[in-house]
Amino acid sequence: MDDTALWIVSLLASTVRLATPLVLAALAGFYSERAGVVDIGLEGKMLTGAFAAAATAAVTGSALLGLAAAIAASLVLALIHGFACITHRGDQVVAGVAINTIAAGLTAVLSNAWFDLGGRTPSLSGDQRFTALHFPLAETLAHVPLLGRLYGEVIGGQNALVYLAVLAVPMTSWVAYRTRFGLRLRAVGENPAAVDTAGISVPWLRYRAVLITGVLCGIAGAYLSTAQGAGFQENMTAGKGYLALAALILGKWRPYPTLAGCLLFAVTDALQTRLQGVVLPGIGAVPVQIIEVLPYILTVLLLAGFVGKSIPPRAAGQAYVKDR
C-alpha cells in the first residue's frame with residue numbers, strides 16, 4: 001500500500017473517532033430542540049460527564065462505572081435545565097449558558113480539590129478506559145491492500161462508544177419518524193397547544209426529551225475522557241457542544257443530514273492536525289494558527305447560508321403556558 005492510501009485510511013479512522021462526540025451531542029440537541037427546548041448547554045453537560053466519567057473510573061477502576069456516573073451527572077444538569085425552562089418557563093438560552101458556566105467552574109474546582117493535579121484527573125489505563133474492539137479476521141485481512149486496513153482500522157478497531165454513536169443515528173431516525181413518541185415529540189416542537197388539546201402532557205413530553213438529551217451528552221462526555229482521551233482536563237470539550245449545535249442546524253434538525261454535518265467538521269479537524277508543517281506548492285508552510293481555526297471558519301461559512309435556509313421547529317425556545 002502506498003503512502004497516499006495509508007494517509008487516507010488514517011484520515012478516515014481519525015474522522016470516525018473525532019465525529020463520535022459530535023454525533024452524540026448533536027443527536028442530544030435533536031431530541032431537545034425537536035421538543036421545543038433550545039439547549040445551548042450541551043457543552044456543559046458533556047464537560048460534566050467527562051469529569052464524572054474520568055473521576056469515577058480513576059477511583060473504581062471501571063470504565064463502565066465511569067460511563068454510568070457520566071450519564072447520572074449529565075442527567076442532573078438536564079433536570080436542572082428542564083426545571084428552569086419547562087416548569088418555571090425561564091429563558092432557555094440563558095439557562096443553557098448558565099449550565100455551561102457552572103460546568104466549567106465546578107469541574108475545575110472539583111478536580112483540583114479531589115486530585116490536586118492542576119485541574120486534571122489521574123491518567124487512566126487498562127479497564128479504566130474503553131479500548132478498541134478487534135473484529136474477526138482483522139489480522140488475516142490486514143495484508144489485503146487498502147480493504148484490509150479499512151476493515152481493521154476504520155470499520156473495526158474502534159471502541160464500543162463509537163459503534164453506539166453509529167447505531168444512535170438510525171435509532172433516532174426510527175424513533176422520530178416511526179414511533180408514536182417521535183410523532184408527539186415533533187408535534188410538541190411545532191405546535192404544543194395542539195398536542196395539549198389532544199390530551200397529552202406537554203411538560204412531561206418535553207421532560208422526557210430533555211432526559212434523553214442528558215443521557216446522550218453523558219455518553220459523549222464519557223467518550224472524551226475514557227475512550228478518546230485517558231483522563232479529564234479543564235475545558236476538554238473545547239467547543240464541541242457548539243459544533244454539535246452547528247451540525248444540527250446545518251442538518252436542518254434531521255438525523256442523517258446532522259450526521260453529515262458532524263462528519264464534515266470531524267474530517268476538517270482531522271485534516272488540520274495532518275496539515276501542520278506541510279509545505280504546499282506555491283504557498284509554503286501554512287501557519288499553524290490558520291490550520292487550527294479551519295473547523296471554526298468552516299462553521300461560520302456554512303451557517304452564513306451556504307447550505308440554504310434552515311428553519312428550526314416553530315415552538316423552539318418558547319415556553320408553553322397552558323392557560324394562554
# chains A, B, ... in the order shown; residues from 1 in each chain; ligands from 1
>>> residues_around(residues="A:Ala270", least_positions_apart="4", cutoff="10 Å", atoms="only C-alpha atoms", output="PDB file with N, CA, C and O atoms, in the first residue's frame")
ATOM      1  N   SER A  10      -5.737   6.461   7.482  1.00  0.00           N
ATOM      2  CA  SER A  10      -5.513   7.116   8.778  1.00  0.00           C
ATOM      3  C   SER A  10      -6.468   8.290   8.968  1.00  0.00           C
ATOM      4  O   SER A  10      -7.016   8.498  10.060  1.00  0.00           O
ATOM      5  N   LEU A  11      -6.687   9.040   7.884  1.00  0.00           N
ATOM      6  CA  LEU A  11      -7.604  10.197   7.959  1.00  0.00           C
ATOM      7  C   LEU A  11      -9.036   9.732   8.242  1.00  0.00           C
ATOM      8  O   LEU A  11      -9.738  10.323   9.077  1.00  0.00           O
ATOM      9  N   LEU A  12      -9.471   8.673   7.589  1.00  0.00           N
ATOM     10  CA  LEU A  12     -10.833   8.157   7.802  1.00  0.00           C
ATOM     11  C   LEU A  12     -11.019   7.646   9.226  1.00  0.00           C
ATOM     12  O   LEU A  12     -12.054   7.894   9.855  1.00  0.00           O
ATOM     13  N   ALA A  13     -10.007   6.922   9.731  1.00  0.00           N
ATOM     14  CA  ALA A  13     -10.103   6.412  11.105  1.00  0.00           C
ATOM     15  C   ALA A  13     -10.189   7.558  12.105  1.00  0.00           C
ATOM     16  O   ALA A  13     -10.986   7.526  13.058  1.00  0.00           O
ATOM     17  N   SER A  14      -9.378   8.602  11.888  1.00  0.00           N
ATOM     18  CA  SER A  14      -9.417   9.769  12.789  1.00  0.00           C
ATOM     19  C   SER A  14     -10.754  10.487  12.685  1.00  0.00           C
ATOM     20  O   SER A  14     -11.298  10.964  13.689  1.00  0.00           O
ATOM     21  N   THR A  15     -11.292  10.559  11.471  1.00  0.00           N
ATOM     22  CA  THR A  15     -12.585  11.237  11.283  1.00  0.00           C
ATOM     23  C   THR A  15     -13.684  10.537  12.066  1.00  0.00           C
ATOM     24  O   THR A  15     -14.509  11.189  12.720  1.00  0.00           O
ATOM     25  N   VAL A  16     -13.702   9.200  12.030  1.00  0.00           N
ATOM     26  CA  VAL A  16     -14.717   8.444  12.773  1.00  0.00           C
ATOM     27  C   VAL A  16     -14.588   8.724  14.269  1.00  0.00           C
ATOM     28  O   VAL A  16     -15.584   8.972  14.969  1.00  0.00           O
ATOM     29  N   ARG A  17     -13.356   8.701  14.766  1.00  0.00           N
ATOM     30  CA  ARG A  17     -13.146   8.921  16.215  1.00  0.00           C
ATOM     31  C   ARG A  17     -13.529  10.343  16.616  1.00  0.00           C
ATOM     32  O   ARG A  17     -14.149  10.560  17.663  1.00  0.00           O
ATOM     33  N   LEU A  18     -13.165  11.330  15.797  1.00  0.00           N
ATOM     34  CA  LEU A  18     -13.456  12.721  16.150  1.00  0.00           C
ATOM     35  C   LEU A  18     -14.940  13.058  15.992  1.00  0.00           C
ATOM     36  O   LEU A  18     -15.449  13.959  16.660  1.00  0.00           O
ATOM     37  N   ALA A  19     -15.619  12.340  15.098  1.00  0.00           N
ATOM     38  CA  ALA A  19     -17.049  12.625  14.875  1.00  0.00           C
ATOM     39  C   ALA A  19     -17.928  12.064  15.986  1.00  0.00           C
ATOM     40  O   ALA A  19     -19.051  12.553  16.185  1.00  0.00           O
ATOM     41  N   LEU A 264     -18.413  16.246   8.481  1.00  0.00           N
ATOM     42  CA  LEU A 264     -17.714  17.346   7.813  1.00  0.00           C
ATOM     43  C   LEU A 264     -16.797  18.078   8.795  1.00  0.00           C
ATOM     44  O   LEU A 264     -15.629  18.358   8.491  1.00  0.00           O
ATOM     45  N   PHE A 265     -17.314  18.388   9.980  1.00  0.00           N
ATOM     46  CA  PHE A 265     -16.475  19.047  10.988  1.00  0.00           C
ATOM     47  C   PHE A 265     -15.332  18.132  11.435  1.00  0.00           C
ATOM     48  O   PHE A 265     -14.215  18.581  11.671  1.00  0.00           O
ATOM     49  N   ALA A 266     -15.627  16.840  11.567  1.00  0.00           N
ATOM     50  CA  ALA A 266     -14.611  15.911  12.042  1.00  0.00           C
ATOM     51  C   ALA A 266     -13.477  15.751  11.027  1.00  0.00           C
ATOM     52  O   ALA A 266     -12.300  15.719  11.403  1.00  0.00           O
ATOM     53  N   ARG A 274      -3.103  17.046  10.447  1.00  0.00           N
ATOM     54  CA  ARG A 274      -2.172  16.441   9.483  1.00  0.00           C
ATOM     55  C   ARG A 274      -1.539  17.458   8.550  1.00  0.00           C
ATOM     56  O   ARG A 274      -0.543  17.163   7.892  1.00  0.00           O
ATOM     57  N   LEU A 275      -2.117  18.658   8.454  1.00  0.00           N
ATOM     58  CA  LEU A 275      -1.567  19.664   7.552  1.00  0.00           C
ATOM     59  C   LEU A 275      -0.521  20.544   8.227  1.00  0.00           C
ATOM     60  O   LEU A 275       0.150  21.321   7.547  1.00  0.00           O
ATOM     61  N   PRO A 295     -11.844  24.451  11.277  1.00  0.00           N
ATOM     62  CA  PRO A 295     -13.217  24.000  11.592  1.00  0.00           C
ATOM     63  C   PRO A 295     -14.154  25.148  11.921  1.00  0.00           C
ATOM     64  O   PRO A 295     -15.334  25.128  11.562  1.00  0.00           O
TER      65      PRO A 295
END
>>> residues_around(residues="A:Glu234", least_positions_apart="3", cutoff="10 Å", atoms="only C-alpha atoms", output="JSON, numbers by chain")
{"A": [47, 50, 51, 104, 105, 107, 108, 109, 111, 112, 118, 119, 120, 121, 237, 238]}
>>> write_last_selection(atoms="N, CA and C atoms", output="PDB file, in the first residue's frame")
ATOM      1  N   LEU A  47     -19.069  18.337  29.338  1.00  0.00           N
ATOM      2  CA  LEU A  47     -17.904  18.566  30.192  1.00  0.00           C
ATOM      3  C   LEU A  47     -18.092  17.917  31.557  1.00  0.00           C
ATOM      4  N   ALA A  50     -17.721  14.230  31.186  1.00  0.00           N
ATOM      5  CA  ALA A  50     -16.311  13.846  31.020  1.00  0.00           C
ATOM      6  C   ALA A  50     -15.604  13.780  32.375  1.00  0.00           C
ATOM      7  N   PHE A  51     -15.855  14.772  33.220  1.00  0.00           N
ATOM      8  CA  PHE A  51     -15.217  14.766  34.538  1.00  0.00           C
ATOM      9  C   PHE A  51     -15.725  13.612  35.397  1.00  0.00           C
ATOM     10  N   ALA A 104     -18.110  24.510  33.690  1.00  0.00           N
ATOM     11  CA  ALA A 104     -16.695  24.853  33.521  1.00  0.00           C
ATOM     12  C   ALA A 104     -16.039  25.130  34.868  1.00  0.00           C
ATOM     13  N   GLY A 105     -16.739  25.875  35.730  1.00  0.00           N
ATOM     14  CA  GLY A 105     -16.154  26.206  37.027  1.00  0.00           C
ATOM     15  C   GLY A 105     -16.162  25.025  37.986  1.00  0.00           C
ATOM     16  N   THR A 107     -16.281  21.702  37.459  1.00  0.00           N
ATOM     17  CA  THR A 107     -15.367  20.599  37.152  1.00  0.00           C
ATOM     18  C   THR A 107     -13.921  20.967  37.479  1.00  0.00           C
ATOM     19  N   ALA A 108     -13.558  22.227  37.235  1.00  0.00           N
ATOM     20  CA  ALA A 108     -12.185  22.655  37.554  1.00  0.00           C
ATOM     21  C   ALA A 108     -11.940  22.637  39.058  1.00  0.00           C
ATOM     22  N   VAL A 109     -12.918  23.152  39.814  1.00  0.00           N
ATOM     23  CA  VAL A 109     -12.768  23.195  41.278  1.00  0.00           C
ATOM     24  C   VAL A 109     -12.716  21.778  41.862  1.00  0.00           C
ATOM     25  N   SER A 111     -11.971  18.895  40.400  1.00  0.00           N
ATOM     26  CA  SER A 111     -10.778  18.130  40.015  1.00  0.00           C
ATOM     27  C   SER A 111      -9.557  18.583  40.792  1.00  0.00           C
ATOM     28  N   ASN A 112      -9.460  19.893  41.035  1.00  0.00           N
ATOM     29  CA  ASN A 112      -8.344  20.395  41.848  1.00  0.00           C
ATOM     30  C   ASN A 112      -8.454  19.934  43.293  1.00  0.00           C
ATOM     31  N   GLY A 118      -3.671  19.998  39.130  1.00  0.00           N
ATOM     32  CA  GLY A 118      -3.780  21.138  38.222  1.00  0.00           C
ATOM     33  C   GLY A 118      -4.991  21.084  37.314  1.00  0.00           C
ATOM     34  N   GLY A 119      -6.111  20.606  37.841  1.00  0.00           N
ATOM     35  CA  GLY A 119      -7.329  20.561  37.038  1.00  0.00           C
ATOM     36  C   GLY A 119      -7.485  19.293  36.237  1.00  0.00           C
ATOM     37  N   ARG A 120      -6.627  18.333  36.441  1.00  0.00           N
ATOM     38  CA  ARG A 120      -6.732  17.062  35.720  1.00  0.00           C
ATOM     39  C   ARG A 120      -7.066  15.937  36.693  1.00  0.00           C
ATOM     40  N   THR A 121      -7.561  14.865  36.124  1.00  0.00           N
ATOM     41  CA  THR A 121      -7.711  13.637  36.910  1.00  0.00           C
ATOM     42  C   THR A 121      -6.495  12.758  36.625  1.00  0.00           C
ATOM     43  N   THR A 237     -13.764  19.788  26.413  1.00  0.00           N
ATOM     44  CA  THR A 237     -14.739  19.730  25.322  1.00  0.00           C
ATOM     45  C   THR A 237     -14.391  20.717  24.214  1.00  0.00           C
ATOM     46  N   ALA A 238     -13.743  21.820  24.565  1.00  0.00           N
ATOM     47  CA  ALA A 238     -13.188  22.766  23.581  1.00  0.00           C
ATOM     48  C   ALA A 238     -14.190  23.156  22.495  1.00  0.00           C
TER      49      ALA A 238
END
>>> residues_around(residues="A:Ala54", least_positions_apart="5", cutoff="6 Å", atoms="only C-alpha atoms", output="MDAnalysis selection string")
chainID A and resid 225 231:232
>>> closest_residue(among="A:Gly156, A:Gly189, A:Gly284, A:Gly241", to="A:Leu224", atoms="only C-alpha atoms")
A:Gly241
>>> closest_residue(among="A:Ala222, A:Ile155, A:Ile86, A:Ala138", to="A:Ala209", atoms="only C-alpha atoms")
A:Ile86
>>> residues_around(residues="A:Pro170", least_positions_apart="5", cutoff="9 Å", atoms="only C-alpha atoms", output="PyMOL selection string")
chain A and resi 175+255-256
>>> write_last_selection(atoms="C-alpha atoms", output="PDB file, in the first residue's frame")
ATOM      1  CA  VAL A 175     -37.845   6.887  16.977  1.00  0.00           C
ATOM      2  CA  PRO A 255     -30.706  12.874  11.961  1.00  0.00           C
ATOM      3  CA  TYR A 256     -28.891  11.828   8.780  1.00  0.00           C
TER       4      TYR A 256
END
>>> closest_residue(among="A:Val195, A:Ala52, A:Val202, A:Leu245", to="A:Leu24", atoms="only C-alpha atoms")
A:Leu245
>>> residues_around(residues="A:Met46", least_positions_apart="4", cutoff="10 Å", atoms="only C-alpha atoms", output="list in words")
Pro21, Leu24, Ala25, Gly41, Leu42, Ala50, Phe51, Ala52, Ala70, Ile71, Ala73, Ser74, Asn100, Ala103, Gly214, Val215, Leu216, Cys217, Gly218, Ile219, Ala220, Gly221, Ala222, Tyr223, Leu224, Met236, Thr237, Lys240 and Gly241 of chain A
>>> write_last_selection(atoms="N, CA, C and O atoms", output="compact mmCIF listing (two decimals), in the first residue's frame")
# COMPACT_ATOMS: atom_id res chain seq x y z
N PRO A 21 -18.13 12.14 19.45
CA PRO A 21 -18.78 13.01 20.44
C PRO A 21 -19.70 14.04 19.79
O PRO A 21 -20.71 14.43 20.38
N LEU A 24 -23.08 12.23 19.02
CA LEU A 24 -23.87 12.01 20.24
C LEU A 24 -24.47 13.32 20.76
O LEU A 24 -25.65 13.37 21.13
N ALA A 25 -23.66 14.37 20.77
CA ALA A 25 -24.16 15.66 21.27
C ALA A 25 -25.19 16.26 20.32
O ALA A 25 -26.18 16.86 20.76
N GLY A 41 -26.75 24.35 26.41
CA GLY A 41 -25.96 23.73 27.48
C GLY A 41 -25.38 22.37 27.14
O GLY A 41 -24.93 21.66 28.04
N LEU A 42 -25.38 21.97 25.87
CA LEU A 42 -24.78 20.68 25.51
C LEU A 42 -23.32 20.62 25.94
O LEU A 42 -22.83 19.60 26.42
N ALA A 50 -17.72 14.23 31.19
CA ALA A 50 -16.31 13.85 31.02
C ALA A 50 -15.60 13.78 32.37
O ALA A 50 -14.84 12.84 32.65
N PHE A 51 -15.85 14.77 33.22
CA PHE A 51 -15.22 14.77 34.54
C PHE A 51 -15.72 13.61 35.40
O PHE A 51 -14.93 12.89 36.03
N ALA A 52 -17.04 13.43 35.41
CA ALA A 52 -17.62 12.37 36.24
C ALA A 52 -17.10 11.00 35.80
O ALA A 52 -16.79 10.14 36.64
N ALA A 70 -21.11 9.38 34.37
CA ALA A 70 -21.22 10.48 33.40
C ALA A 70 -22.68 10.72 33.03
O ALA A 70 -23.14 11.87 32.96
N ILE A 71 -23.41 9.63 32.79
CA ILE A 71 -24.83 9.78 32.45
C ILE A 71 -25.60 10.38 33.62
O ILE A 71 -26.44 11.27 33.43
N ALA A 73 -24.47 12.34 36.05
CA ALA A 73 -24.13 13.75 36.23
C ALA A 73 -24.78 14.62 35.16
O ALA A 73 -25.29 15.71 35.44
N SER A 74 -24.78 14.12 33.93
CA SER A 74 -25.40 14.88 32.84
C SER A 74 -26.91 14.97 33.03
O SER A 74 -27.53 16.00 32.72
N ASN A 100 -23.44 25.90 31.14
CA ASN A 100 -22.06 25.85 30.64
C ASN A 100 -21.09 26.51 31.61
O ASN A 100 -19.99 25.99 31.86
N ALA A 103 -20.71 24.33 34.77
CA ALA A 103 -19.94 23.11 34.49
C ALA A 103 -18.45 23.42 34.38
O ALA A 103 -17.61 22.67 34.90
N GLY A 214 -29.83 14.44 28.17
CA GLY A 214 -28.85 14.25 29.24
C GLY A 214 -28.09 12.94 29.10
O GLY A 214 -26.88 12.89 29.30
N VAL A 215 -28.80 11.87 28.74
CA VAL A 215 -28.14 10.57 28.58
C VAL A 215 -27.10 10.62 27.46
O VAL A 215 -25.96 10.19 27.63
N LEU A 216 -27.49 11.17 26.32
CA LEU A 216 -26.57 11.22 25.17
C LEU A 216 -25.37 12.13 25.45
O LEU A 216 -24.24 11.81 25.06
N CYS A 217 -25.60 13.24 26.12
CA CYS A 217 -24.48 14.14 26.46
C CYS A 217 -23.53 13.45 27.45
O CYS A 217 -22.31 13.63 27.37
N GLY A 218 -24.09 12.68 28.38
CA GLY A 218 -23.24 11.96 29.32
C GLY A 218 -22.35 10.95 28.60
O GLY A 218 -21.16 10.82 28.92
N ILE A 219 -22.91 10.23 27.64
CA ILE A 219 -22.11 9.26 26.87
C ILE A 219 -21.02 10.00 26.08
O ILE A 219 -19.87 9.54 26.01
N ALA A 220 -21.39 11.14 25.49
CA ALA A 220 -20.40 11.92 24.73
C ALA A 220 -19.26 12.37 25.64
O ALA A 220 -18.08 12.32 25.26
N GLY A 221 -19.59 12.82 26.85
CA GLY A 221 -18.56 13.24 27.78
C GLY A 221 -17.66 12.09 28.21
O GLY A 221 -16.44 12.22 28.28
N ALA A 222 -18.29 10.93 28.51
CA ALA A 222 -17.50 9.75 28.88
C ALA A 222 -16.57 9.33 27.75
O ALA A 222 -15.44 8.90 28.00
N TYR A 223 -17.03 9.47 26.53
CA TYR A 223 -16.18 9.12 25.38
C TYR A 223 -14.92 10.00 25.37
O TYR A 223 -13.81 9.50 25.13
N LEU A 224 -15.09 11.29 25.64
CA LEU A 224 -13.95 12.20 25.58
C LEU A 224 -12.86 11.84 26.59
O LEU A 224 -11.67 11.91 26.28
N MET A 236 -11.95 20.39 28.39
CA MET A 236 -11.51 19.46 27.35
C MET A 236 -12.54 19.32 26.22
O MET A 236 -12.21 18.79 25.16
N THR A 237 -13.76 19.79 26.41
CA THR A 237 -14.74 19.73 25.32
C THR A 237 -14.39 20.72 24.21
O THR A 237 -14.71 20.47 23.04
N LYS A 240 -16.93 21.60 21.49
CA LYS A 240 -17.60 20.53 20.72
C LYS A 240 -19.12 20.59 20.84
O LYS A 240 -19.84 20.21 19.92
N GLY A 241 -19.61 21.07 21.97
CA GLY A 241 -21.05 21.20 22.12
C GLY A 241 -21.62 22.22 21.14
O GLY A 241 -22.70 22.03 20.58
>>> residues_around(residues="A:Leu294", least_positions_apart="3", cutoff="9 Å", atoms="only C-alpha atoms", output="number ranges by chain")
A: 268-269, 272, 290-291, 297-299
>>> write_last_selection(atoms="C-alpha atoms", output="tab-separated table (two decimals), in the first residue's frame")
chain	number	residue	atom	x	y	z
A	268	THR	CA	-11.77	19.17	8.90
A	269	ASP	CA	-10.46	18.63	12.43
A	272	GLN	CA	-5.85	20.31	10.48
A	290	ILE	CA	-4.63	29.29	10.38
A	291	ILE	CA	-4.92	25.50	10.17
A	297	ILE	CA	-14.09	29.16	9.71
A	298	LEU	CA	-16.00	26.37	8.01
A	299	THR	CA	-18.74	26.61	10.64
>>> closest_residue(among="A:Gly61, A:Gly90, A:Gly44, A:Pro313", to="A:Ala187", atoms="only C-alpha atoms")
A:Pro313
>>> closest_residue(among="A:Asn191, A:Asn159, A:Thr179, A:Thr4", to="A:Thr131", atoms="only C-alpha atoms")
A:Asn159
>>> closest_residue(among="A:Leu263, A:Leu167, A:Ala198, A:Leu124", to="A:Thr60", atoms="only C-alpha atoms")
A:Leu124
